[in-house]
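Asker: Got a file for you: protein.txt, compact mmCIF, C-alpha atoms.
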```
# COMPACT_ATOMS: atom_id res chain seq x y z
CA MET A 1 9.14 -10.38 -25.82
CA ASN A 2 9.80 -7.31 -27.92
CA GLY A 3 8.15 -3.94 -27.49
CA PRO A 4 7.00 -1.52 -24.82
CA LEU A 5 5.82 -2.84 -21.47
CA LEU A 6 2.91 -1.37 -19.47
CA VAL A 7 2.72 -2.26 -15.77
CA ILE A 8 -0.40 -1.40 -13.75
CA PHE A 9 -0.64 -2.01 -10.00
CA PRO A 10 -2.46 -0.31 -7.11
CA HIS A 11 0.32 -0.19 -4.49
CA PRO A 12 4.00 0.71 -4.51
CA ASP A 13 5.84 -2.65 -4.07
CA ASP A 14 3.20 -4.78 -5.92
CA GLU A 15 5.41 -4.44 -9.00
CA ALA A 16 8.64 -5.33 -7.18
CA PHE A 17 7.33 -8.55 -5.64
CA SER A 18 5.54 -9.86 -8.72
CA SER A 19 7.44 -8.56 -11.72
CA ALA A 20 10.72 -6.74 -11.02
CA GLY A 21 12.81 -9.32 -12.89
CA THR A 22 10.58 -9.21 -15.97
CA ILE A 23 10.57 -5.39 -15.90
CA ILE A 24 14.37 -5.31 -15.67
CA GLN A 25 14.64 -7.72 -18.61
CA HIS A 26 12.45 -5.47 -20.77
CA HIS A 27 14.57 -2.48 -19.83
CA LYS A 28 17.82 -4.38 -20.55
CA ASN A 29 16.44 -5.32 -23.98
CA GLY A 30 16.01 -1.63 -24.73
CA PHE A 31 12.23 -1.36 -24.50
CA PRO A 32 10.41 1.42 -22.63
CA VAL A 33 8.53 0.55 -19.45
CA THR A 34 5.55 2.58 -18.23
CA TYR A 35 4.32 1.96 -14.69
CA VAL A 36 0.98 3.29 -13.49
CA CYS A 37 0.77 3.03 -9.71
CA LEU A 38 -2.77 3.87 -8.63
CA THR A 39 -2.19 4.73 -4.95
CA LEU A 40 0.73 5.48 -2.67
CA GLY A 41 -0.17 2.65 -0.31
CA GLU A 42 -1.29 5.29 2.18
CA MET A 43 -3.04 2.69 4.34
CA GLY A 44 -0.17 0.23 4.64
CA ARG A 45 0.16 -1.28 8.09
CA ASN A 46 3.95 -1.45 8.12
CA MET A 47 5.60 1.70 9.44
CA GLY A 48 9.14 0.36 9.05
CA SER A 49 10.92 -2.31 11.04
CA PRO A 50 11.86 -0.75 13.41
CA ILE A 51 9.12 1.90 13.16
CA PHE A 52 10.29 5.10 11.44
CA THR A 53 7.14 6.73 10.12
CA THR A 54 3.46 7.53 10.76
CA ARG A 55 0.20 7.11 8.86
CA GLU A 56 0.44 10.78 7.77
CA GLU A 57 4.08 10.61 6.62
CA LEU A 58 3.77 7.18 4.99
CA PRO A 59 2.57 8.43 1.55
CA LYS A 60 5.58 10.74 1.24
CA ILE A 61 7.96 7.97 2.31
CA ARG A 62 6.36 5.45 -0.06
CA LYS A 63 6.46 7.93 -2.95
CA HIS A 64 10.23 8.30 -2.51
CA GLU A 65 10.60 4.52 -2.13
CA LEU A 66 8.60 3.99 -5.32
CA GLU A 67 10.80 6.41 -7.26
CA ALA A 68 13.93 4.69 -5.93
CA ALA A 69 12.59 1.25 -6.87
CA CYS A 70 11.73 2.47 -10.38
CA ALA A 71 15.29 3.77 -10.78
CA VAL A 72 16.61 0.30 -9.86
CA MET A 73 14.25 -1.41 -12.32
CA GLY A 74 14.92 1.03 -15.17
CA ILE A 75 11.36 2.39 -15.26
CA ASP A 76 11.64 5.87 -16.76
CA ASP A 77 7.91 6.57 -17.11
CA LEU A 78 6.31 6.36 -13.64
CA ARG A 79 2.78 7.72 -13.30
CA MET A 80 1.11 8.10 -9.92
CA TRP A 81 -2.64 8.45 -10.27
CA GLY A 82 -3.39 9.64 -6.72
CA LEU A 83 -6.20 7.25 -5.77
CA ARG A 84 -6.36 6.26 -2.13
CA ASP A 85 -5.26 2.87 -0.82
CA LYS A 86 -8.22 0.59 0.09
CA THR A 87 -10.69 2.65 -1.96
CA VAL A 88 -9.98 1.48 -5.54
CA GLU A 89 -12.93 -0.96 -5.50
CA PHE A 90 -15.29 1.90 -4.65
CA GLU A 91 -14.30 4.04 -7.63
CA ASP A 92 -16.40 3.88 -10.81
CA GLU A 93 -15.08 0.75 -12.54
CA ALA A 94 -16.15 1.81 -16.04
CA GLU A 95 -14.40 5.14 -15.60
CA LEU A 96 -11.21 3.45 -14.39
CA ALA A 97 -11.35 1.01 -17.34
CA ALA A 98 -11.77 3.97 -19.71
CA ARG A 99 -8.66 5.59 -18.25
CA PHE A 100 -6.78 2.31 -18.82
CA SER A 101 -8.06 2.17 -22.42
CA ALA A 102 -6.73 5.67 -23.09
CA LEU A 103 -3.44 4.72 -21.45
CA ILE A 104 -3.06 1.60 -23.62
CA GLU A 105 -3.91 3.64 -26.71
CA GLU A 106 -1.18 6.12 -25.79
CA VAL A 107 1.58 3.71 -24.70
CA GLN A 108 0.89 1.02 -27.36
CA PRO A 109 2.36 -1.74 -25.18
CA ALA A 110 3.29 -5.15 -26.55
CA ARG A 111 2.67 -6.56 -23.10
CA VAL A 112 0.59 -5.52 -20.07
CA ILE A 113 1.32 -6.78 -16.55
CA SER A 114 -1.27 -6.45 -13.79
CA PHE A 115 -3.22 -8.64 -11.38
CA TYR A 116 -5.43 -11.52 -12.53
CA PRO A 117 -9.06 -11.00 -11.51
CA GLY A 118 -10.51 -13.39 -8.92
CA TYR A 119 -7.11 -14.56 -7.66
CA ALA A 120 -5.44 -11.38 -6.46
CA VAL A 121 -6.42 -11.49 -2.74
CA HIS A 122 -6.54 -7.76 -1.89
CA PRO A 123 -9.71 -5.81 -2.86
CA ASP A 124 -7.60 -3.05 -4.51
CA HIS A 125 -5.80 -5.75 -6.54
CA GLU A 126 -9.11 -7.26 -7.64
CA ALA A 127 -10.58 -3.90 -8.63
CA THR A 128 -7.46 -3.05 -10.63
CA ALA A 129 -7.51 -6.46 -12.32
CA ARG A 130 -11.19 -6.15 -13.29
CA ALA A 131 -10.72 -2.73 -14.84
CA VAL A 132 -7.54 -3.76 -16.71
CA VAL A 133 -9.23 -6.87 -18.12
CA ARG A 134 -12.27 -4.76 -19.06
CA ALA A 135 -10.07 -2.33 -20.99
CA LEU A 136 -8.19 -5.15 -22.76
CA GLN A 137 -11.41 -7.02 -23.54
CA ASP A 138 -12.54 -4.07 -25.68
CA ILE A 139 -9.49 -4.34 -27.95
CA ASP A 140 -9.69 -6.47 -31.08
CA ALA A 141 -7.91 -9.80 -30.42
CA SER A 142 -5.48 -9.22 -33.31
CA LYS A 143 -4.35 -5.92 -31.75
CA ARG A 144 -4.60 -6.78 -28.07
CA PRO A 145 -1.30 -6.68 -26.14
CA GLU A 146 -0.24 -9.86 -24.36
CA PHE A 147 -1.67 -9.78 -20.82
CA LEU A 148 0.36 -11.30 -18.00
CA GLY A 149 -1.81 -11.64 -14.90
CA VAL A 150 -0.40 -12.07 -11.40
CA ALA A 151 -2.39 -14.56 -9.30
CA PHE A 152 -1.51 -15.59 -5.77
CA ASP A 153 -4.72 -16.63 -4.05
CA HIS A 154 -4.42 -20.06 -2.38
CA ARG A 155 -6.95 -21.38 -4.95
CA THR A 156 -4.73 -20.41 -7.89
CA ASP A 157 -2.94 -23.71 -8.57
CA ALA A 158 -6.07 -25.82 -8.08
CA GLU A 159 -8.30 -23.67 -10.28
CA LEU A 160 -6.03 -22.02 -12.86
CA GLY A 161 -3.43 -24.79 -13.00
CA LYS A 162 0.25 -24.22 -13.66
CA PRO A 163 1.33 -20.68 -14.62
CA HIS A 164 1.05 -20.08 -18.37
CA VAL A 165 4.24 -18.04 -18.41
CA ILE A 166 7.21 -18.59 -16.12
CA ILE A 167 9.99 -16.06 -16.51
CA GLU A 168 13.40 -17.08 -15.15
CA VAL A 169 14.83 -14.07 -13.33
CA ALA A 170 17.79 -15.61 -11.48
CA GLN A 171 20.10 -13.27 -13.43
CA GLU A 172 18.11 -10.30 -12.18
CA SER A 173 17.78 -11.65 -8.65
CA ALA A 174 20.22 -9.20 -7.03
CA ALA A 175 18.59 -6.22 -8.74
CA LYS A 176 15.14 -7.49 -7.80
CA ARG A 177 16.23 -7.75 -4.20
CA GLU A 178 17.48 -4.17 -4.43
CA ALA A 179 14.13 -3.03 -5.86
CA LEU A 180 12.32 -4.77 -2.99
CA LEU A 181 14.66 -3.18 -0.47
CA ALA A 182 13.94 0.24 -2.00
CA HIS A 183 10.42 -0.22 -0.59
CA ARG A 184 12.07 -0.21 2.80
CA SER A 185 9.08 0.78 4.96
CA GLN A 186 7.24 -2.32 3.75
CA THR A 187 9.96 -4.87 3.07
CA GLU A 188 12.82 -4.49 5.52
CA GLY A 189 11.39 -6.97 8.01
CA LEU A 190 10.50 -9.35 5.21
CA LEU A 191 13.95 -9.23 3.62
CA ARG A 192 15.47 -10.07 6.99
CA ALA A 193 13.27 -13.16 6.99
CA ILE A 194 14.50 -14.03 3.49
CA ASP A 195 18.11 -13.67 4.58
CA ASN A 196 17.30 -16.14 7.33
CA ALA A 197 15.68 -18.41 4.69
CA GLU A 198 12.32 -18.09 6.46
CA ASN A 199 10.13 -17.07 3.53
CA ALA A 200 10.13 -19.69 0.79
CA HIS A 201 7.48 -17.86 -1.25
CA VAL A 202 9.54 -14.69 -1.68
CA MET A 203 12.79 -16.66 -2.12
CA GLU A 204 11.13 -18.41 -5.06
CA LEU A 205 9.96 -15.04 -6.44
CA LEU A 206 13.62 -13.98 -6.63
CA GLN A 207 14.22 -16.86 -9.08
CA ARG A 208 11.04 -17.14 -11.14
CA GLU A 209 8.06 -14.87 -11.88
CA ARG A 210 4.77 -16.57 -12.66
CA PHE A 211 1.94 -15.23 -14.78
CA TYR A 212 -1.37 -16.34 -16.26
CA HIS A 213 -2.99 -15.44 -19.56
CA TYR A 214 -6.61 -14.36 -19.29
CA PRO A 215 -9.27 -16.13 -21.41
CA PHE A 216 -10.64 -13.07 -23.22
CA SER A 217 -13.86 -13.82 -25.05
CA MET B 1 7.86 -4.77 26.30
CA SER B 2 10.45 -2.49 24.76
CA ARG B 3 9.93 -0.72 21.49
CA VAL B 4 12.71 0.55 19.28
CA ILE B 5 11.85 3.92 17.79
CA VAL B 6 14.07 5.39 15.12
CA SER B 7 13.55 8.94 13.96
CA ILE B 8 14.47 10.16 10.49
CA GLY B 9 13.93 13.41 8.64
CA GLY B 10 12.88 15.20 11.80
CA ASN B 11 10.13 12.66 12.50
CA ARG B 12 9.76 11.71 16.08
CA VAL B 13 7.49 8.79 16.82
CA LYS B 14 7.50 8.49 20.60
CA SER B 15 5.90 6.34 23.23
CA ILE B 16 2.78 8.06 24.53
CA GLN B 17 3.26 10.50 27.40
CA PRO B 18 -0.28 10.69 28.86
CA THR B 19 0.19 14.16 30.35
CA THR B 20 1.29 15.59 26.98
CA ILE B 21 -1.75 14.06 25.26
CA GLN B 22 -4.09 15.27 28.01
CA THR B 23 -2.71 18.80 27.66
CA TYR B 24 -3.49 18.72 23.91
CA LEU B 25 -6.99 17.33 24.51
CA ASP B 26 -7.79 19.98 27.13
CA ALA B 27 -6.51 22.77 24.87
CA HIS B 28 -8.76 21.67 21.98
CA VAL B 29 -12.13 21.36 23.77
CA SER B 30 -15.02 22.85 21.75
CA MET B 31 -12.79 23.43 18.73
CA PRO B 32 -13.72 22.05 15.27
CA LEU B 33 -11.12 19.36 14.49
CA TYR B 34 -10.53 17.20 11.43
CA VAL B 35 -10.22 13.60 12.49
CA HIS B 36 -8.76 10.41 11.04
CA VAL B 37 -9.75 7.24 12.92
CA GLU B 38 -8.68 3.78 11.88
CA THR B 39 -8.38 0.21 13.00
CA THR B 40 -6.76 -2.50 10.89
CA ASN B 41 -5.51 -6.07 10.96
CA GLY B 42 -3.78 -5.64 7.61
CA ALA B 43 -5.21 -6.61 4.23
CA TYR B 44 -3.65 -10.08 4.30
CA ALA B 45 -4.84 -11.30 7.71
CA THR B 46 -7.35 -13.78 6.27
CA HIS B 47 -4.99 -14.75 3.41
CA ASN B 48 -2.36 -15.65 6.03
CA ASP B 49 -4.84 -17.36 8.37
CA PRO B 50 -8.16 -18.49 6.83
CA ASP B 51 -9.70 -18.77 10.32
CA PHE B 52 -9.02 -15.12 11.05
CA HIS B 53 -12.00 -12.81 10.69
CA ASN B 54 -10.59 -9.61 9.30
CA ALA B 55 -12.24 -6.36 10.30
CA GLY B 56 -11.18 -2.76 10.04
CA MET B 57 -12.36 0.74 9.35
CA PHE B 58 -11.19 4.21 8.66
CA ILE B 59 -12.88 7.56 8.48
CA ARG B 60 -10.88 10.57 7.33
CA ASN B 61 -11.39 14.31 7.50
CA VAL B 62 -14.70 14.31 9.32
CA VAL B 63 -15.05 17.38 11.55
CA ILE B 64 -15.86 16.84 15.20
CA GLU B 65 -16.05 18.88 18.39
CA TYR B 66 -15.84 17.43 21.87
CA SER B 67 -16.78 18.75 25.31
CA ILE B 68 -14.60 16.28 27.23
CA GLY B 69 -11.48 14.59 25.89
CA GLN B 70 -9.48 12.18 28.04
CA ILE B 71 -6.67 9.63 27.75
CA LYS B 72 -6.86 6.66 30.12
CA GLY B 73 -4.99 3.47 30.86
CA GLU B 74 -1.46 2.36 31.71
CA GLY B 75 -0.42 1.69 28.12
CA PRO B 76 -1.65 0.72 25.64
CA TYR B 77 -3.94 3.72 26.16
CA ARG B 78 -7.56 4.57 25.47
CA VAL B 79 -8.88 7.92 24.28
CA GLY B 80 -12.53 8.95 24.58
CA LEU B 81 -13.97 12.15 23.15
CA LYS B 82 -17.47 13.17 24.30
CA LEU B 83 -19.25 14.63 21.25
CA ASP B 84 -22.49 16.63 21.12
CA HIS B 85 -24.46 13.56 20.03
CA GLY B 86 -22.21 10.65 20.89
CA TRP B 87 -18.67 9.47 21.47
CA LEU B 88 -15.44 8.80 19.68
CA TYR B 89 -13.45 5.96 21.30
CA VAL B 90 -10.15 4.31 20.36
CA GLU B 91 -8.21 1.70 22.34
CA GLY B 92 -4.75 0.20 21.87
CA LEU B 93 -2.79 3.45 21.43
CA THR B 94 0.96 3.26 22.11
CA ASP B 95 2.86 6.01 20.24
CA TYR B 96 2.44 9.64 19.26
CA GLU B 97 3.80 12.52 17.29
CA GLN B 98 2.72 16.16 17.66
CA HIS B 99 3.23 19.08 15.30
CA GLY B 100 1.55 22.10 16.87
CA ASP B 101 -2.21 21.58 16.47
CA GLN B 102 -1.74 18.23 14.72
CA LEU B 103 -1.77 15.25 17.06
CA LEU B 104 -1.09 11.76 15.68
CA LEU B 105 -1.83 8.86 18.01
CA ALA B 106 -1.07 5.34 16.85
CA GLY B 107 -1.25 1.84 18.27
CA HIS B 108 1.49 -0.52 17.08
CA ASP B 109 1.65 -4.26 17.73
CA ARG B 110 4.78 -6.07 18.91
CA LEU B 111 6.06 -6.31 15.32
CA GLY B 112 5.64 -2.54 14.90
CA ARG B 113 2.64 -2.83 12.58
CA LEU B 114 -0.12 -0.26 12.86
CA ALA B 115 -3.24 -1.59 14.59
CA CYS B 116 -5.17 1.63 15.23
CA ALA B 117 -4.81 5.38 14.80
CA LEU B 118 -6.45 8.58 15.95
CA HIS B 119 -5.31 11.82 14.28
CA LEU B 120 -6.62 15.28 15.16
CA ASP B 121 -5.85 18.55 13.39
CA ILE B 122 -7.36 21.99 12.96
CA LYS B 123 -6.70 21.67 9.18
CA PRO B 124 -7.80 18.90 6.78
CA LEU B 125 -5.36 15.99 6.63
CA PRO B 126 -3.77 15.45 3.19
CA GLN B 127 -5.69 13.32 0.76
CA GLY B 128 -5.25 11.61 -2.63
CA ALA B 129 -3.73 13.86 -5.27
CA SER B 130 -2.21 16.21 -2.70
CA GLU B 131 -0.30 13.24 -1.31
CA VAL B 132 1.09 12.49 -4.78
CA GLU B 133 2.23 16.10 -5.12
CA SER B 134 3.66 16.29 -1.62
CA GLN B 135 7.38 16.01 -1.05
```
Kindly return the structure encoded in the file as structure tokens.

Answerer:
Amino acid sequence: MNGPLLVIFPHPDDEAFSSAGTIIQHHKNGFPVTYVCLTLGEMGRNMGSPIFTTREELPKIRKHELEAACAVMGIDDLRMWGLRDKTVEFEDEAELAARFSALIEEVQPARVISFYPGYAVHPDHEATARAVVRALQDIDASKRPEFLGVAFDHRTDAELGKPHVIIEVAQESAAKREALLAHRSQTEGLLRAIDNAENAHVMELLQRERFYHYPFS
Amino acid sequence: MSRVIVSIGGNRVKSIQPTTIQTYLDAHVSMPLYVHVETTNGAYATHNDPDFHNAGMFIRNVVIEYSIGQIKGEGPYRVGLKLDHGWLYVEGLTDYEQHGDQLLLAGHDRLGRLACALHLDIKPLPQGASEVESQ
């Protein structure tokens, strides 16, 4: 895929788990990557493993982790929108969609990566997905960027079928692992489990990233 | 049950010392305080176990005053604050950090994940955009 990439997720680390390999490939191919991260994951439950932070310090820690992860992935345009974790679904959805429309107009991405509505598990993910799809829906089909939606609800395979786009990221696997590890407060315990081959889901995500196209009307 | 606490950047998350907490609570009777109260099972509890009923709450930067504030229990601890028209109660507290008039109480499970929190401060706790700007 040629052209600028726009990545939109609500929490620092959403991008690393779902799309780090794809992001790194875009960067390697010489295309700019813009990442809008809506919150700082202020309400995350993980305080490090072992614990090294508090609810009040967590946003500062996660902001630094996010910047470090972006450096690993080659994201030079990181925008933090300052919403609060867990509250995205209670914001005005039309207003959020309008902000996304203006963003797309400015960045002119060839491809947009975000969550896929209805299959994104966390309420912040769902709210983000709805607003992104709403903004893209308004664009004429001939001009609309390709949308790659991340779906991981247990119903995904049964209801959406096989992923429409599977991106092989084995070559980027080491860098993806490094991006995940940059989100240390959230991922250190998890990466230990991967090293012990205890988390098949994340091990697979280090090899292949899976996306769905959305059926825009 | 032992808990490994690592401190970085001057942070000091420590196992609760009830006398230290009680001293803070006594010193802040009848004083307007900004409060953050929270309980959580994590956003993925039901995703990971469909039989699990996930529940949680938080309320942030509401101002309270209490006439009696006490910490009870042998650990995990309970804190009750007697308000003019009711109570504030949190159970499951294990660790704390104090910075002058800011007291952060947290309850962590055996994997070190936050289960509950009670924060008190004489100033508003940071929020939204100010967190983005903060270093």

Asker: Of the candidates A:Phe9, A:Phe115, A:Phe100, A:Phe152, which one gets nearest to chain B if we count all atoms listed in the file?

Answerer: A:Phe152

Asker: What separation in Å, quoted to one decimal, exists between CA of His125 in chain A and CA of Pro12 in chain A?

Answerer: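 If I compute the distance from CA of His125 in chain A to CA of Pro12 in chain A, I get 11.9 Å.
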
Asker: Record the distance separating CA of Ala135 in chain A and CA of Asp77 in chain A, expressed in Å with one decimal.

Answerer: 20.4 Å

Asker: So, with only C-alpha atoms as the atoms that count, which of A:Glu67, A:Asp138, A:Glu105, A:Asp76 lies closest to chain B?

Answerer: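 Nearest to chain B: A:Glu67.
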
Asker: Using all atoms listed in the file, which of the listed residues (A:Phe211, A:Phe31, A:Phe52, A:Phe90) sits closest to chain B?

Answerer: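 Going through A:Phe211, A:Phe31, A:Phe52, A:Phe90 one by one, the smallest distance to chain B is for A:Phe52.
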